[in-house]
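Below: model.pdb (PDB, C-alpha atoms)
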ATOM      1  CA  MET A   1      26.920   7.864  15.419
ATOM      2  CA  LYS A   2      28.487  11.308  15.854
ATOM      3  CA  ARG A   3      27.855  12.132  12.186
ATOM      4  CA  LEU A   4      24.189  11.144  12.511
ATOM      5  CA  LEU A   5      23.753  13.291  15.595
ATOM      6  CA  LEU A   6      25.350  16.251  13.847
ATOM      7  CA  LYS A   7      23.004  15.910  10.909
ATOM      8  CA  LEU A   8      20.030  15.692  13.214
ATOM      9  CA  CYS A   9      21.082  18.799  15.075
ATOM     10  CA  ILE A  10      21.641  20.791  11.905
ATOM     11  CA  LEU A  11      17.994  20.045  11.045
ATOM     12  CA  LEU A  12      17.096  21.865  14.239
ATOM     13  CA  VAL A  13      19.136  25.020  13.693
ATOM     14  CA  ALA A  14      16.097  27.129  12.844
ATOM     15  CA  PRO A  15      13.644  25.718  15.422
ATOM     16  CA  LEU A  16      16.258  26.016  18.160
ATOM     17  CA  SER A  17      17.082  29.659  17.501
ATOM     18  CA  MET A  18      15.866  30.641  20.967
ATOM     19  CA  ALA A  19      17.520  27.753  22.774
ATOM     20  CA  VAL A  20      20.817  27.959  20.876
ATOM     21  CA  PRO A  21      21.003  31.571  19.572
ATOM     22  CA  ALA A  22      24.697  31.457  18.709
ATOM     23  CA  LEU A  23      24.124  28.551  16.371
ATOM     24  CA  ALA A  24      21.090  30.093  14.638
ATOM     25  CA  ASP A  25      22.298  33.717  14.427
ATOM     26  CA  THR A  26      25.614  32.856  12.809
ATOM     27  CA  ALA A  27      24.680  29.832  10.711
ATOM     28  CA  GLU A  28      24.870  31.830   7.488
ATOM     29  CA  THR A  29      28.340  33.254   8.125
ATOM     30  CA  LEU A  30      30.155  30.444   9.946
ATOM     31  CA  SER A  31      32.002  27.688   8.158
ATOM     32  CA  GLU A  32      30.465  24.256   7.938
ATOM     33  CA  GLU A  33      33.081  22.899  10.326
ATOM     34  CA  ARG A  34      32.278  25.543  12.939
ATOM     35  CA  ILE A  35      28.564  24.873  12.607
ATOM     36  CA  LYS A  36      29.253  21.211  13.316
ATOM     37  CA  GLU A  37      31.318  22.123  16.360
ATOM     38  CA  LEU A  38      28.530  24.322  17.707
ATOM     39  CA  ALA A  39      25.991  21.585  17.005
ATOM     40  CA  LEU A  40      28.054  19.096  18.998
ATOM     41  CA  GLU A  41      28.378  21.574  21.853
ATOM     42  CA  ALA A  42      24.619  22.054  21.783
ATOM     43  CA  ILE A  43      24.132  18.285  22.058
ATOM     44  CA  LEU A  44      26.463  18.024  25.033
ATOM     45  CA  GLU A  45      24.851  20.963  26.808
ATOM     46  CA  ASN A  46      21.279  20.058  25.884
ATOM     47  CA  PRO A  47      20.897  16.259  25.501
ATOM     48  CA  GLU A  48      17.162  16.675  24.914
ATOM     49  CA  ILE A  49      18.061  18.086  21.503
ATOM     50  CA  ILE A  50      18.581  14.504  20.326
ATOM     51  CA  GLU A  51      14.968  13.600  21.006
ATOM     52  CA  LEU A  52      13.768  16.809  19.377
ATOM     53  CA  ALA A  53      15.953  16.161  16.350
ATOM     54  CA  ILE A  54      14.625  12.628  15.950
ATOM     55  CA  GLN A  55      11.062  13.900  16.166
ATOM     56  CA  ARG A  56      11.834  16.561  13.573
ATOM     57  CA  LEU A  57      13.481  14.025  11.260
ATOM     58  CA  GLN A  58      10.476  11.707  11.547
ATOM     59  CA  GLN A  59       8.162  14.605  10.705
ATOM     60  CA  VAL A  60      10.224  15.505   7.648
ATOM     61  CA  GLN A  61      10.187  11.890   6.469
ATOM     62  CA  LEU A  62       6.415  11.666   6.975
ATOM     63  CA  GLU A  63       5.855  14.864   5.002
ATOM     64  CA  ARG A  64       8.000  13.550   2.161
ATOM     65  CA  GLN A  65       6.118  10.230   2.140
ATOM     66  CA  GLN A  66       2.764  12.009   2.054
ATOM     67  CA  ALA A  67       3.934  14.242  -0.778
ATOM     68  CA  ALA A  68       5.143  11.210  -2.742
ATOM     69  CA  ILE A  69       1.829   9.416  -2.189
ATOM     70  CA  ALA A  70      -0.133  12.477  -3.311
ATOM     71  CA  ALA A  71       2.021  12.744  -6.430
ATOM     72  CA  THR A  72       1.444   9.067  -7.255
ATOM     73  CA  LEU A  73      -2.311   9.415  -6.768
ATOM     74  CA  GLU A  74      -2.353  12.400  -9.104
ATOM     75  CA  SER A  75      -0.119  10.979 -11.825
ATOM     76  CA  ARG A  76      -1.289   7.351 -11.792
ATOM     77  CA  ARG A  77      -4.964   7.647 -10.915
ATOM     78  CA  THR A  78      -6.090   6.113 -14.195
ATOM     79  CA  GLU A  79      -3.795   3.105 -13.808
ATOM     80  CA  LEU A  80      -4.923   2.666 -10.215
ATOM     81  CA  GLU A  81      -8.676   2.914 -10.759
ATOM     82  CA  ARG A  82      -9.258   2.233 -14.464
ATOM     83  CA  ASP A  83      -6.712  -0.383 -15.428
ATOM     84  CA  PRO A  84      -8.537  -2.584 -17.973
ATOM     85  CA  ASN A  85      -6.301  -5.442 -16.838
ATOM     86  CA  ALA A  86      -7.606  -5.389 -13.262
ATOM     87  CA  PRO A  87     -10.633  -7.359 -12.008
ATOM     88  CA  VAL A  88     -13.604  -5.191 -11.015
ATOM     89  CA  LEU A  89     -16.472  -6.200  -8.739
ATOM     90  CA  GLY A  90     -19.548  -4.294  -7.725
ATOM     91  CA  ASN A  91     -20.966  -1.611  -9.982
ATOM     92  CA  PRO A  92     -18.627  -1.136 -12.974
ATOM     93  CA  ASP A  93     -20.098   2.366 -13.411
ATOM     94  CA  GLY A  94     -20.033   3.223  -9.711
ATOM     95  CA  ASP A  95     -19.197   6.771  -8.654
ATOM     96  CA  VAL A  96     -16.550   5.705  -6.107
ATOM     97  CA  THR A  97     -13.720   3.237  -6.654
ATOM     98  CA  LEU A  98     -12.132   1.210  -3.868
ATOM     99  CA  VAL A  99      -8.824  -0.446  -4.725
ATOM    100  CA  GLU A 100      -7.609  -3.367  -2.609
ATOM    101  CA  PHE A 101      -4.031  -4.668  -2.607
ATOM    102  CA  PHE A 102      -4.017  -8.199  -1.204
ATOM    103  CA  ASP A 103      -2.272 -11.556  -0.962
ATOM    104  CA  TYR A 104      -4.109 -14.885  -0.764
ATOM    105  CA  ASN A 105      -1.812 -16.038   2.054
ATOM    106  CA  CYS A 106      -2.439 -12.945   4.167
ATOM    107  CA  PRO A 107      -4.660 -13.812   7.160
ATOM    108  CA  TYR A 108      -5.755 -10.187   7.500
ATOM    109  CA  CYS A 109      -6.819 -10.130   3.856
ATOM    110  CA  LYS A 110      -9.018 -13.131   4.570
ATOM    111  CA  ARG A 111     -10.486 -11.347   7.569
ATOM    112  CA  ALA A 112     -11.207  -8.390   5.281
ATOM    113  CA  LYS A 113     -13.276 -10.618   2.963
ATOM    114  CA  PRO A 114     -16.620 -10.274   4.813
ATOM    115  CA  ILE A 115     -15.971  -6.552   5.304
ATOM    116  CA  VAL A 116     -15.537  -5.974   1.577
ATOM    117  CA  GLU A 117     -18.519  -8.208   0.798
ATOM    118  CA  ALA A 118     -20.695  -6.280   3.258
ATOM    119  CA  LEU A 119     -19.620  -2.974   1.721
ATOM    120  CA  LEU A 120     -20.490  -4.232  -1.765
ATOM    121  CA  GLU A 121     -23.894  -5.340  -0.543
ATOM    122  CA  ALA A 122     -24.594  -2.112   1.317
ATOM    123  CA  ASP A 123     -23.447   0.295  -1.402
ATOM    124  CA  PRO A 124     -24.812  -0.420  -4.906
ATOM    125  CA  ASN A 125     -22.853   2.490  -6.356
ATOM    126  CA  ILE A 126     -19.337   1.370  -5.532
ATOM    127  CA  ARG A 127     -16.828  -0.422  -7.741
ATOM    128  CA  VAL A 128     -14.036  -2.500  -6.226
ATOM    129  CA  VAL A 129     -10.775  -2.959  -8.100
ATOM    130  CA  PHE A 130      -8.649  -5.915  -7.034
ATOM    131  CA  ARG A 131      -4.883  -5.597  -7.277
ATOM    132  CA  GLU A 132      -3.259  -8.991  -6.963
ATOM    133  CA  TRP A 133      -0.097  -8.252  -4.968
ATOM    134  CA  PRO A 134       1.560 -11.596  -4.089
ATOM    135  CA  VAL A 135       4.372 -10.724  -1.705
ATOM    136  CA  LEU A 136       4.323 -13.394   0.994
ATOM    137  CA  SER A 137       5.428 -16.602  -0.727
ATOM    138  CA  GLU A 138       5.771 -18.560  -3.944
ATOM    139  CA  GLY A 139       2.355 -20.010  -3.171
ATOM    140  CA  SER A 140       0.981 -16.468  -3.153
ATOM    141  CA  VAL A 141       2.399 -15.893  -6.619
ATOM    142  CA  TYR A 142       0.873 -19.131  -7.902
ATOM    143  CA  ALA A 143      -2.522 -18.248  -6.436
ATOM    144  CA  ALA A 144      -2.466 -14.741  -7.905
ATOM    145  CA  ARG A 145      -1.526 -16.019 -11.349
ATOM    146  CA  ALA A 146      -4.257 -18.661 -11.187
ATOM    147  CA  ALA A 147      -6.875 -16.123 -10.086
ATOM    148  CA  LEU A 148      -5.986 -13.745 -12.912
ATOM    149  CA  ALA A 149      -5.998 -16.613 -15.398
ATOM    150  CA  ALA A 150      -9.491 -17.626 -14.225
ATOM    151  CA  ARG A 151     -10.804 -14.501 -15.977
ATOM    152  CA  GLN A 152     -10.466 -16.358 -19.270
ATOM    153  CA  GLN A 153     -13.163 -18.758 -18.035
ATOM    154  CA  ASP A 154     -15.302 -16.017 -16.440
ATOM    155  CA  LYS A 155     -14.611 -17.475 -13.010
ATOM    156  CA  TYR A 156     -12.502 -14.791 -11.351
ATOM    157  CA  GLU A 157     -15.036 -13.631  -8.773
ATOM    158  CA  GLU A 158     -16.068 -17.122  -7.685
ATOM    159  CA  PHE A 159     -12.455 -18.303  -7.558
ATOM    160  CA  HIS A 160     -11.309 -15.189  -5.685
ATOM    161  CA  TRP A 161     -13.830 -15.586  -2.893
ATOM    162  CA  ALA A 162     -13.122 -19.325  -2.659
ATOM    163  CA  LEU A 163      -9.385 -18.678  -2.270
ATOM    164  CA  MET A 164     -10.081 -16.032   0.361
ATOM    165  CA  ALA A 165     -12.370 -18.414   2.258
ATOM    166  CA  PHE A 166      -9.782 -21.220   2.263
ATOM    167  CA  ARG A 167      -8.350 -21.726   5.759
ATOM    168  CA  GLY A 168      -5.045 -23.293   4.748
ATOM    169  CA  ARG A 169      -2.025 -22.093   2.805
ATOM    170  CA  ALA A 170      -2.422 -21.144  -0.826
ATOM    171  CA  GLU A 171       0.057 -23.390  -2.654
ATOM    172  CA  GLU A 172      -0.031 -25.103  -6.024
ATOM    173  CA  ALA A 173      -1.877 -28.204  -4.798
ATOM    174  CA  SER A 174      -4.483 -26.352  -2.747
ATOM    175  CA  VAL A 175      -5.025 -23.706  -5.450
ATOM    176  CA  LEU A 176      -5.665 -26.362  -8.102
ATOM    177  CA  GLU A 177      -7.992 -28.241  -5.784
ATOM    178  CA  ILE A 178     -10.056 -25.090  -5.222
ATOM    179  CA  ALA A 179      -9.976 -24.399  -8.951
ATOM    180  CA  GLU A 180     -11.526 -27.812  -9.621
ATOM    181  CA  GLU A 181     -14.170 -27.183  -6.982
ATOM    182  CA  VAL A 182     -15.322 -23.980  -8.697
ATOM    183  CA  GLY A 183     -15.436 -25.732 -12.075
ATOM    184  CA  LEU A 184     -12.319 -24.405 -13.786
ATOM    185  CA  ASP A 185     -10.681 -26.305 -16.614
ATOM    186  CA  ILE A 186      -7.264 -27.001 -15.062
ATOM    187  CA  ASP A 187      -5.347 -27.477 -18.313
ATOM    188  CA  GLN A 188      -6.618 -24.193 -19.693
ATOM    189  CA  LEU A 189      -6.019 -22.466 -16.358
ATOM    190  CA  GLN A 190      -2.375 -23.524 -16.216
ATOM    191  CA  SER A 191      -1.859 -22.399 -19.790
ATOM    192  CA  ASP A 192      -3.536 -19.025 -19.217
ATOM    193  CA  MET A 193      -1.408 -18.440 -16.117
ATOM    194  CA  GLN A 194       1.571 -17.819 -18.421
ATOM    195  CA  ALA A 195      -0.140 -15.022 -20.348
ATOM    196  CA  ASP A 196       1.413 -11.572 -20.614
ATOM    197  CA  ASP A 197      -1.589  -9.869 -19.045
ATOM    198  CA  VAL A 198      -0.998 -11.890 -15.859
ATOM    199  CA  ASP A 199       2.613 -10.712 -15.684
ATOM    200  CA  ASN A 200       1.596  -7.147 -16.485
ATOM    201  CA  HIS A 201      -1.035  -7.009 -13.763
ATOM    202  CA  ILE A 202       1.330  -8.184 -11.046
ATOM    203  CA  ARG A 203       4.113  -5.902 -12.280
ATOM    204  CA  LEU A 204       1.835  -2.859 -12.159
ATOM    205  CA  SER A 205       0.638  -3.831  -8.680
ATOM    206  CA  MET A 206       4.252  -3.782  -7.501
ATOM    207  CA  GLN A 207       4.870  -0.363  -9.071
ATOM    208  CA  LEU A 208       1.707   1.196  -7.653
ATOM    209  CA  ALA A 209       2.329  -0.230  -4.181
ATOM    210  CA  GLU A 210       5.826   1.240  -4.172
ATOM    211  CA  GLY A 211       4.615   4.640  -5.313
ATOM    212  CA  LEU A 212       1.889   4.681  -2.659
ATOM    213  CA  ASN A 213       4.301   3.535   0.075
ATOM    214  CA  ILE A 214       2.177   0.437   0.664
ATOM    215  CA  THR A 215       4.220  -2.016   2.697
ATOM    216  CA  GLY A 216       1.726  -4.671   3.757
ATOM    217  CA  THR A 217      -1.554  -6.369   2.978
ATOM    218  CA  PRO A 218      -4.347  -5.678   2.919
ATOM    219  CA  SER A 219      -4.192  -2.028   1.883
ATOM    220  CA  PHE A 220      -7.060   0.010   0.476
ATOM    221  CA  VAL A 221      -7.108   3.154  -1.624
ATOM    222  CA  ILE A 222     -10.300   5.219  -1.811
ATOM    223  CA  GLY A 223     -10.073   8.617  -3.417
ATOM    224  CA  ASN A 224      -7.100  10.340  -1.813
ATOM    225  CA  THR A 225      -7.113   8.074   1.227
ATOM    226  CA  VAL A 226      -4.728   5.149   1.691
ATOM    227  CA  LEU A 227      -5.792   2.749   4.435
ATOM    228  CA  PRO A 228      -3.106   0.228   5.383
ATOM    229  CA  GLY A 229      -4.003  -2.861   7.372
ATOM    230  CA  LEU A 230      -7.339  -4.405   8.295
ATOM    231  CA  PRO A 231     -10.044  -1.713   8.425
ATOM    232  CA  THR A 232     -13.499  -1.873   9.910
ATOM    233  CA  GLN A 233     -16.518  -1.619   7.651
ATOM    234  CA  GLU A 234     -17.187   1.768   9.239
ATOM    235  CA  GLN A 235     -13.727   3.013   8.238
ATOM    236  CA  LEU A 236     -14.189   1.880   4.659
ATOM    237  CA  SER A 237     -17.670   3.382   4.502
ATOM    238  CA  ALA A 238     -16.401   6.678   5.904
ATOM    239  CA  ALA A 239     -13.597   6.808   3.324
ATOM    240  CA  VAL A 240     -16.105   6.052   0.548
ATOM    241  CA  SER A 241     -18.414   8.824   1.770
ATOM    242  CA  GLU A 242     -15.504  11.253   1.922
ATOM    243  CA  ALA A 243     -14.442  10.406  -1.630
ATOM    244  CA  ARG A 244     -18.037  10.721  -2.843
ATOM    245  CA  ASP A 245     -18.458  14.116  -1.183
ATOM    246  CA  ALA A 246     -15.160  15.326  -2.646
ATOM    247  CA  ALA A 247     -16.212  14.258  -6.144
ATOM    248  CA  ASN A 248     -19.510  16.108  -5.830
TER     249      ASN A 248
END
The structure given in the file should be rewritten as C-alpha coordinates.
Amino acid sequence: MKRLLLKLCILLVAPLSMAVPALADTAETLSEERIKELALEAILENPEIIELAIQRLQQVQLERQQAAIAATLESRRTELERDPNAPVLGNPDGDVTLVEFFDYNCPYCKRAKPIVEALLEADPNIRVVFREWPVLSEGSVYAARAALAARQQDKYEEFHWALMAFRGRAEEASVLEIAEEVGLDIDQLQSDMQADDVDNHIRLSMQLAEGLNITGTPSFVIGNTVLPGLPTQEQLSAAVSEARDAAN
(Lines of atoms letter the chains of each structure in order from A and count residues from 1; the text may use other names and numbers.)
(Lines give C-alpha, C1' and ligand atoms only; values in the text may rest on other atoms or scores of the structure.)
Protein backbone atom coordinates (compact mmCIF):
# COMPACT_ATOMS: atom_id res chain seq x y z
CA MET A 1 0.00 0.00 0.00
CA LYS A 2 2.84 2.37 0.90
CA ARG A 3 4.53 1.72 -2.45
CA LEU A 4 1.31 2.50 -4.33
CA LEU A 5 0.83 5.74 -2.43
CA LEU A 6 4.41 6.77 -3.16
CA LYS A 7 3.93 6.16 -6.86
CA LEU A 8 0.72 8.14 -6.85
CA CYS A 9 2.37 11.05 -5.11
CA ILE A 10 5.32 11.10 -7.48
CA LEU A 11 2.78 11.55 -10.29
CA LEU A 12 1.76 14.75 -8.55
CA VAL A 13 5.20 16.29 -8.10
CA ALA A 14 4.70 18.84 -10.87
CA PRO A 15 1.04 19.75 -10.19
CA LEU A 16 1.77 20.14 -6.48
CA SER A 17 4.71 22.50 -6.91
CA MET A 18 2.86 25.26 -5.06
CA ALA A 19 1.53 23.03 -2.30
CA VAL A 20 4.77 21.09 -1.79
CA PRO A 21 7.55 23.40 -3.11
CA ALA A 22 10.41 21.49 -1.52
CA LEU A 23 9.42 18.35 -3.36
CA ALA A 24 9.00 20.05 -6.75
CA ASP A 25 11.99 22.44 -6.59
CA THR A 26 14.51 19.74 -5.73
CA ALA A 27 13.09 16.75 -7.60
CA GLU A 28 15.82 16.93 -10.23
CA THR A 29 18.72 16.99 -7.78
CA LEU A 30 17.55 14.77 -4.92
CA SER A 31 18.06 11.04 -4.86
CA GLU A 32 15.15 8.75 -5.58
CA GLU A 33 15.09 7.64 -1.95
CA ARG A 34 14.86 11.23 -0.71
CA ILE A 35 12.08 12.00 -3.16
CA LYS A 36 10.15 9.05 -1.76
CA GLU A 37 10.71 10.28 1.78
CA LEU A 38 9.43 13.74 0.87
CA ALA A 39 6.45 12.21 -0.91
CA LEU A 40 5.55 10.23 2.19
CA GLU A 41 5.89 13.34 4.34
CA ALA A 42 3.61 15.18 1.93
CA ILE A 43 1.01 12.42 2.28
CA LEU A 44 1.11 12.56 6.07
CA GLU A 45 0.88 16.35 6.13
CA ASN A 46 -1.67 16.62 3.33
CA PRO A 47 -3.92 13.51 3.23
CA GLU A 48 -5.98 15.07 0.44
CA ILE A 49 -3.02 14.40 -1.84
CA ILE A 50 -4.17 10.78 -2.03
CA GLU A 51 -7.47 11.75 -3.61
CA LEU A 52 -5.73 14.14 -5.99
CA ALA A 53 -3.23 11.46 -6.94
CA ILE A 54 -5.97 8.94 -7.66
CA GLN A 55 -7.79 11.46 -9.82
CA ARG A 56 -4.57 12.22 -11.68
CA LEU A 57 -3.84 8.52 -12.19
CA GLN A 58 -7.35 7.93 -13.54
CA GLN A 59 -6.91 10.84 -15.95
CA VAL A 60 -3.60 9.46 -17.18
CA GLN A 61 -5.14 6.02 -17.71
CA LEU A 62 -8.09 7.54 -19.59
CA GLU A 63 -5.76 9.52 -21.85
CA ARG A 64 -3.75 6.39 -22.61
CA GLN A 65 -6.92 4.42 -23.39
CA GLN A 66 -8.17 7.15 -25.72
CA ALA A 67 -4.82 7.30 -27.48
CA ALA A 68 -4.82 3.51 -27.92
CA ILE A 69 -8.37 3.59 -29.31
CA ALA A 70 -7.47 6.38 -31.74
CA ALA A 71 -4.42 4.41 -32.90
CA THR A 72 -6.54 1.29 -33.47
CA LEU A 73 -9.14 3.26 -35.43
CA GLU A 74 -6.41 4.71 -37.63
CA SER A 75 -4.46 1.51 -38.22
CA ARG A 76 -7.34 -0.97 -38.49
CA ARG A 77 -10.09 1.09 -40.09
CA THR A 78 -10.25 -1.12 -43.17
CA GLU A 79 -10.56 -4.31 -41.11
CA LEU A 80 -13.21 -2.68 -38.94
CA GLU A 81 -15.40 -1.24 -41.69
CA ARG A 82 -14.51 -3.15 -44.87
CA ASP A 83 -13.82 -6.69 -43.76
CA PRO A 84 -15.17 -8.85 -46.62
CA ASN A 85 -15.77 -11.57 -44.03
CA ALA A 86 -18.26 -9.49 -42.03
CA PRO A 87 -22.02 -9.37 -42.68
CA VAL A 88 -23.28 -6.01 -43.97
CA LEU A 89 -26.85 -4.73 -43.83
CA GLY A 90 -28.34 -1.54 -45.14
CA ASN A 91 -26.76 0.24 -48.08
CA PRO A 92 -23.53 -1.57 -49.05
CA ASP A 93 -22.35 1.67 -50.69
CA GLY A 94 -23.50 3.92 -47.86
CA ASP A 95 -21.38 6.93 -46.93
CA VAL A 96 -21.32 6.12 -43.19
CA THR A 97 -20.54 2.76 -41.60
CA LEU A 98 -21.86 1.68 -38.22
CA VAL A 99 -20.15 -1.34 -36.67
CA GLU A 100 -21.93 -3.29 -33.94
CA PHE A 101 -20.22 -5.75 -31.59
CA PHE A 102 -22.85 -8.03 -30.08
CA ASP A 103 -23.67 -11.35 -28.43
CA TYR A 104 -26.92 -13.25 -29.02
CA ASN A 105 -27.27 -13.89 -25.27
CA CYS A 106 -26.90 -10.22 -24.36
CA PRO A 107 -30.27 -8.77 -23.28
CA TYR A 108 -29.12 -5.25 -24.10
CA CYS A 109 -28.17 -6.34 -27.61
CA LYS A 110 -31.71 -7.61 -28.05
CA ARG A 111 -33.06 -4.30 -26.81
CA ALA A 112 -30.83 -2.59 -29.38
CA LYS A 113 -32.47 -4.58 -32.20
CA PRO A 114 -35.41 -2.20 -32.84
CA ILE A 115 -33.07 0.79 -32.49
CA VAL A 116 -30.75 -0.50 -35.21
CA GLU A 117 -33.72 -1.49 -37.39
CA ALA A 118 -35.23 1.99 -37.02
CA LEU A 119 -31.91 3.60 -37.94
CA LEU A 120 -31.65 1.43 -41.06
CA GLU A 121 -35.17 2.39 -42.06
CA ALA A 122 -34.66 6.09 -41.40
CA ASP A 123 -31.27 6.43 -43.11
CA PRO A 124 -31.02 4.89 -46.60
CA ASN A 125 -27.37 5.87 -46.87
CA ILE A 126 -25.96 3.93 -43.95
CA ARG A 127 -24.26 0.54 -43.93
CA VAL A 128 -24.21 -1.60 -40.80
CA VAL A 129 -21.39 -4.06 -40.22
CA PHE A 130 -22.09 -6.85 -37.74
CA ARG A 131 -19.22 -8.17 -35.66
CA GLU A 132 -20.18 -11.44 -34.03
CA TRP A 133 -18.49 -11.22 -30.62
CA PRO A 134 -19.65 -14.22 -28.53
CA VAL A 135 -18.30 -13.60 -25.05
CA LEU A 136 -21.08 -14.60 -22.66
CA SER A 137 -21.37 -18.38 -22.95
CA GLU A 138 -20.79 -21.48 -25.04
CA GLY A 139 -24.31 -20.99 -26.35
CA SER A 140 -23.24 -17.56 -27.59
CA VAL A 141 -20.37 -19.13 -29.50
CA TYR A 142 -22.68 -21.72 -31.06
CA ALA A 143 -25.18 -19.04 -32.10
CA ALA A 144 -22.48 -16.83 -33.62
CA ARG A 145 -21.00 -19.71 -35.59
CA ALA A 146 -24.45 -20.72 -36.83
CA ALA A 147 -25.30 -17.16 -37.86
CA LEU A 148 -22.06 -16.78 -39.80
CA ALA A 149 -22.57 -20.17 -41.42
CA ALA A 150 -26.08 -19.12 -42.53
CA ARG A 151 -24.41 -16.81 -45.06
CA GLN A 152 -23.74 -19.87 -47.22
CA GLN A 153 -27.52 -20.23 -47.62
CA ASP A 154 -28.15 -16.48 -48.00
CA LYS A 155 -30.06 -16.47 -44.73
CA TYR A 156 -27.83 -14.40 -42.45
CA GLU A 157 -30.08 -11.36 -42.12
CA GLU A 158 -33.27 -13.33 -41.49
CA PHE A 159 -31.52 -15.66 -39.05
CA HIS A 160 -29.81 -12.77 -37.24
CA TRP A 161 -33.03 -10.91 -36.55
CA ALA A 162 -34.77 -14.14 -35.50
CA LEU A 163 -32.02 -14.91 -32.99
CA MET A 164 -32.18 -11.36 -31.66
CA ALA A 165 -35.97 -11.59 -31.30
CA PHE A 166 -35.79 -14.88 -29.39
CA ARG A 167 -36.68 -14.36 -25.72
CA GLY A 168 -34.84 -17.37 -24.31
CA ARG A 169 -31.21 -18.41 -24.12
CA ALA A 170 -29.29 -19.04 -27.31
CA GLU A 171 -28.04 -22.62 -26.96
CA GLU A 172 -27.55 -25.42 -29.46
CA ALA A 173 -31.14 -26.70 -29.27
CA SER A 174 -32.80 -23.29 -29.47
CA VAL A 175 -30.45 -22.08 -32.23
CA LEU A 176 -31.20 -25.12 -34.38
CA GLU A 177 -34.91 -24.75 -33.78
CA ILE A 178 -34.79 -21.13 -34.96
CA ALA A 179 -32.65 -22.19 -37.91
CA GLU A 180 -35.36 -24.65 -38.99
CA GLU A 181 -38.01 -21.97 -38.62
CA VAL A 182 -36.20 -19.64 -41.03
CA GLY A 183 -35.75 -22.47 -43.54
CA LEU A 184 -32.08 -23.34 -43.13
CA ASP A 185 -30.75 -26.74 -44.12
CA ILE A 186 -29.51 -27.99 -40.73
CA ASP A 187 -26.99 -30.52 -42.05
CA GLN A 188 -25.37 -27.94 -44.29
CA LEU A 189 -25.48 -25.34 -41.51
CA GLN A 190 -23.65 -27.57 -39.05
CA SER A 191 -21.04 -28.39 -41.66
CA ASP A 192 -20.53 -24.74 -42.63
CA MET A 193 -20.14 -23.77 -38.97
CA GLN A 194 -16.70 -25.42 -39.02
CA ALA A 195 -15.41 -23.30 -41.90
CA ASP A 196 -12.26 -21.21 -41.55
CA ASP A 197 -14.06 -17.97 -42.36
CA VAL A 198 -16.25 -18.49 -39.27
CA ASP A 199 -13.18 -18.87 -37.06
CA ASN A 200 -11.48 -15.91 -38.72
CA HIS A 201 -14.44 -13.60 -38.22
CA ILE A 202 -14.72 -14.33 -34.51
CA ARG A 203 -10.95 -14.09 -34.04
CA LEU A 204 -10.84 -10.67 -35.69
CA SER A 205 -13.79 -9.50 -33.59
CA MET A 206 -11.81 -10.38 -30.46
CA GLN A 207 -8.73 -8.51 -31.70
CA LEU A 208 -10.66 -5.39 -32.71
CA ALA A 209 -12.61 -5.31 -29.45
CA GLU A 210 -9.38 -5.48 -27.47
CA GLY A 211 -7.76 -2.73 -29.50
CA LEU A 212 -10.81 -0.49 -29.09
CA ASN A 213 -11.04 -1.20 -25.35
CA ILE A 214 -14.53 -2.63 -25.83
CA THR A 215 -15.45 -4.57 -22.70
CA GLY A 216 -19.15 -5.29 -23.09
CA THR A 217 -22.01 -5.72 -25.51
CA PRO A 218 -23.51 -4.09 -27.35
CA SER A 219 -20.86 -1.62 -28.48
CA PHE A 220 -21.03 0.57 -31.58
CA VAL A 221 -18.32 2.25 -33.61
CA ILE A 222 -19.26 5.10 -35.95
CA GLY A 223 -16.44 7.09 -37.46
CA ASN A 224 -14.14 8.01 -34.59
CA THR A 225 -16.82 7.47 -31.95
CA VAL A 226 -17.06 4.35 -29.79
CA LEU A 227 -20.39 3.99 -28.02
CA PRO A 228 -20.41 1.29 -25.34
CA GLY A 229 -23.69 -0.02 -23.98
CA LEU A 230 -27.27 0.42 -25.12
CA PRO A 231 -27.66 3.73 -26.98
CA THR A 232 -30.79 5.60 -27.92
CA GLN A 233 -31.70 6.02 -31.56
CA GLU A 234 -30.95 9.72 -31.12
CA GLN A 235 -27.41 8.95 -29.93
CA LEU A 236 -26.75 6.68 -32.88
CA SER A 237 -28.22 9.20 -35.31
CA ALA A 238 -26.11 11.99 -33.82
CA ALA A 239 -22.94 9.89 -34.13
CA VAL A 240 -23.83 9.07 -37.75
CA SER A 241 -24.40 12.76 -38.53
CA GLU A 242 -21.08 13.66 -36.91
CA ALA A 243 -19.23 11.03 -38.94
CA ARG A 244 -20.97 12.18 -42.13
CA ASP A 245 -20.08 15.82 -41.48
CA ALA A 246 -16.46 14.88 -40.75
CA ALA A 247 -16.21 12.93 -44.00
CA ASN A 248 -17.56 15.87 -45.99
Next item on the list: For the structure provided, state which residues fall under the PyMOL selection byres ((chain A and resi 129) around 6), and present them as an MDAnalysis selection string.
Entry: chainID A and resid 87:88 99 128 130
Next item on the list: Translate the PyMOL selection byres ((chain A and resi 199-211) around 10), as applied to the file shown, into an explicit residue set as a PyMOL selection string.
Entry: chain A and resi 65+68-73+76-77+79-80+83-87+101-102+130-135+141+144-145+148+193-198+212-216+219
Next item on the list: Would you write out, as a list in words, every residue that the PyMOL selection byres ((chain A and resi 169-181) around 9) captures in this file?
Entry: Tyr104, Asn105, Ser137, Glu138, Gly139, Ser140, Val141, Tyr142, Ala143, Ala146, Ala147, Ala150, Phe159, Ala162, Leu163, Phe166, Arg167, Gly168, Val182, Gly183, Leu184, Asp185, Ile186 and Leu189 of chain A
Notebook entry, point to check: Counting only C-alpha atoms, what is within 10 Å of Asn125 in chain A, bar same-chain residues fewer than 2 positions away, as a list in words?
Noted result: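 Residues near the query, excluding close chain neighbours: Gly90, Asn91, Pro92, Asp93, Gly94, Asp95, Val96, Thr97, Leu120, Glu121, Ala122, Asp123 and Arg127 of chain A.
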As JSON: centre and edge lengths in Å, one decimal, of the axis-aligned box holding range 70-86 of chain A with 3 Å per side:
{"center_x": -3.6, "center_y": 3.7, "center_z": -10.6, "size_x": 17.3, "size_y": 24.2, "size_z": 20.7}
Item checked: For Pro218 in chain A: contacts at 9 Å, only C-alpha atoms, fewer than 6 positions along chain excluded, given as a ChimeraX atom specification -> /A:100-103,106,108-110,112,227-231
